[in-house]
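> Have a look at the structure that comes next, please.
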Amino acid sequence: TINWKMKRISIIISLLYHCSVKSHAFFPTTTPPLLDVPVFSLSTLGDDDDTSPSTAGKSRSTMNILTYASPISIKPYRMWSISLYKGTLSHENFAREKRGVLQMLRPEHAYCKGTKAAGEEAEAQAGELIRMLGGSSGMDVDKRALCAELGYAWEKLLPEEEEGEVEWPHVLPSCVYYLKLELVGDLIDCGSHEVALCKVVSMISDGEIQNSADELGSLSTRKLRELSIISELGRVIPLETCA
């Protein structure tokens, strides 16, 4: 009968569907998901009491490249988490001072479009600023001096009379946002990194942010990969490797 034929067709369709679902295979992998996230730099204060020969005449304040950063709460005050690689000067400074300025970078920082004091364009290759901040240690080089050479001389975020009693580190010019962060509690040991849960003391823009769409112009890890500045594993690619 027609009803029996329809039932048979329905059963066959059902069996085909379940077979197709069961045929989908899942495989274990050691490759992490390739994420597209904003690129930040954390600015931290140096130790004024450090008089070791290796740091003589150099700035112990430093900046790095940081992509492990995320807002985690808004009440009773805004909270962010940041992850710091152990054994770095940024980690050492933040653990000691318990504060720093998180800077949201622009694409111009990847293209190294900074200007020197005289106003002429800084002679630098694309990616040079990012490679220096993320691929070298403040224990070995003076990042403040190198940033100035690339056209990004560090600046005070606020005039001293507005800063208050607490000293904050200098910042990189032309960032989308500056978040002044203070550590809440202790650093959390996560193996290669330590995670800091931070209170947002204040948020400051560079004065050009008109609406939320402007923030979409921030630098991303996808852009750094497209420019061959970082690898798919998130590591800085040396210039000689790109040549």
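Every chain in the structure tokens takes a letter, A first, then B, and so on in the order presented; its residues are numbered from 1, and the ligands are numbered from 1 following the presented order.
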Write out as JSON, numbers by chain all residues of region 64-206 of chain A that DSSP puts in strand (DSSP E or B) for this structure's backbone.
{"A": [66, 69, 70, 71, 72, 73, 79, 80, 81, 82, 83, 84, 85, 99, 100, 101, 102, 103, 104, 115, 121, 155, 171, 177, 178, 179, 180, 181, 182, 183, 188, 189, 193, 194, 195, 196, 197, 198, 199, 200, 201, 202, 203, 204, 205]}
> Given only C-alpha atoms, how would the per-residue table for region 144-243 of chain A near region 61-74 of chain A read, listing every residue at most 12 Å away with its closest atom pair and distance in Å to one decimal, sorted by chain and number, as a tab-separated table?

```
residue	atom	partner	partner_atom	distance
A:Arg144	CA	A:Thr62	CA	7.0
A:Ala145	CA	A:Thr62	CA	10.5
A:Leu146	CA	A:Thr62	CA	11.0
A:Cys147	CA	A:Met63	CA	9.8
A:Trp154	CA	A:Met63	CA	10.1
A:Trp168	CA	A:Ser61	CA	10.4
A:Pro169	CA	A:Ser61	CA	7.3
A:His170	CA	A:Ser61	CA	8.3
A:Val171	CA	A:Met63	CA	8.5
A:Leu172	CA	A:Met63	CA	8.7
A:Leu179	CA	A:Pro71	CA	11.0
A:Leu181	CA	A:Pro71	CA	11.5
A:His193	CA	A:Tyr68	CA	10.0
A:Glu194	CA	A:Tyr68	CA	10.8
A:Val195	CA	A:Tyr68	CA	9.1
A:Ala196	CA	A:Ala69	CA	9.6
A:Leu197	CA	A:Ile72	CA	8.7
A:Cys198	CA	A:Pro71	CA	9.3
A:Lys199	CA	A:Ser73	CA	9.3
A:Val200	CA	A:Ile74	CA	9.5
A:Leu219	CA	A:Thr67	CA	10.6
A:Ser220	CA	A:Thr67	CA	9.0
A:Thr221	CA	A:Thr67	CA	8.0
A:Arg222	CA	A:Thr67	CA	11.6
A:Leu224	CA	A:Thr67	CA	11.6
A:Ile230	CA	A:Ile65	CA	11.2
A:Gly234	CA	A:Thr67	CA	9.1
A:Arg235	CA	A:Ile65	CA	10.6
A:Val236	CA	A:Ile65	CA	10.0
```
> Given the choices A:Ala153, A:Leu239, A:Ile12, A:Met203, which gets closest to Ser174 (chain A) if the distance is worked out from only C-alpha atoms?
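Nearest to Ser174 (chain A): A:Ala153.
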> Find the residues of region 103-206 of chain A that sit at most 6 Å from region 31-43 of chain A; for each, write down the nearest two atoms and how far apart they are in Å, to one decimal. Count only C-alpha atoms. Sort by chain, then by number going up, and give it as a tab-separated table.

```
residue	atom	partner	partner_atom	distance
A:Gln103	CA	A:Ser41	CA	5.1
A:Met104	CA	A:Phe40	CA	4.6
A:Leu105	CA	A:Phe40	CA	5.6
```
> Ranking A:Lys113, A:Lys180, A:Arg96, A:His91 by minimum distance to Leu150 (chain A) and counting only C-alpha atoms, which one comes first?
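Looking only at the distances to Leu150 (chain A), the closest residue turns out to be A:Lys113.
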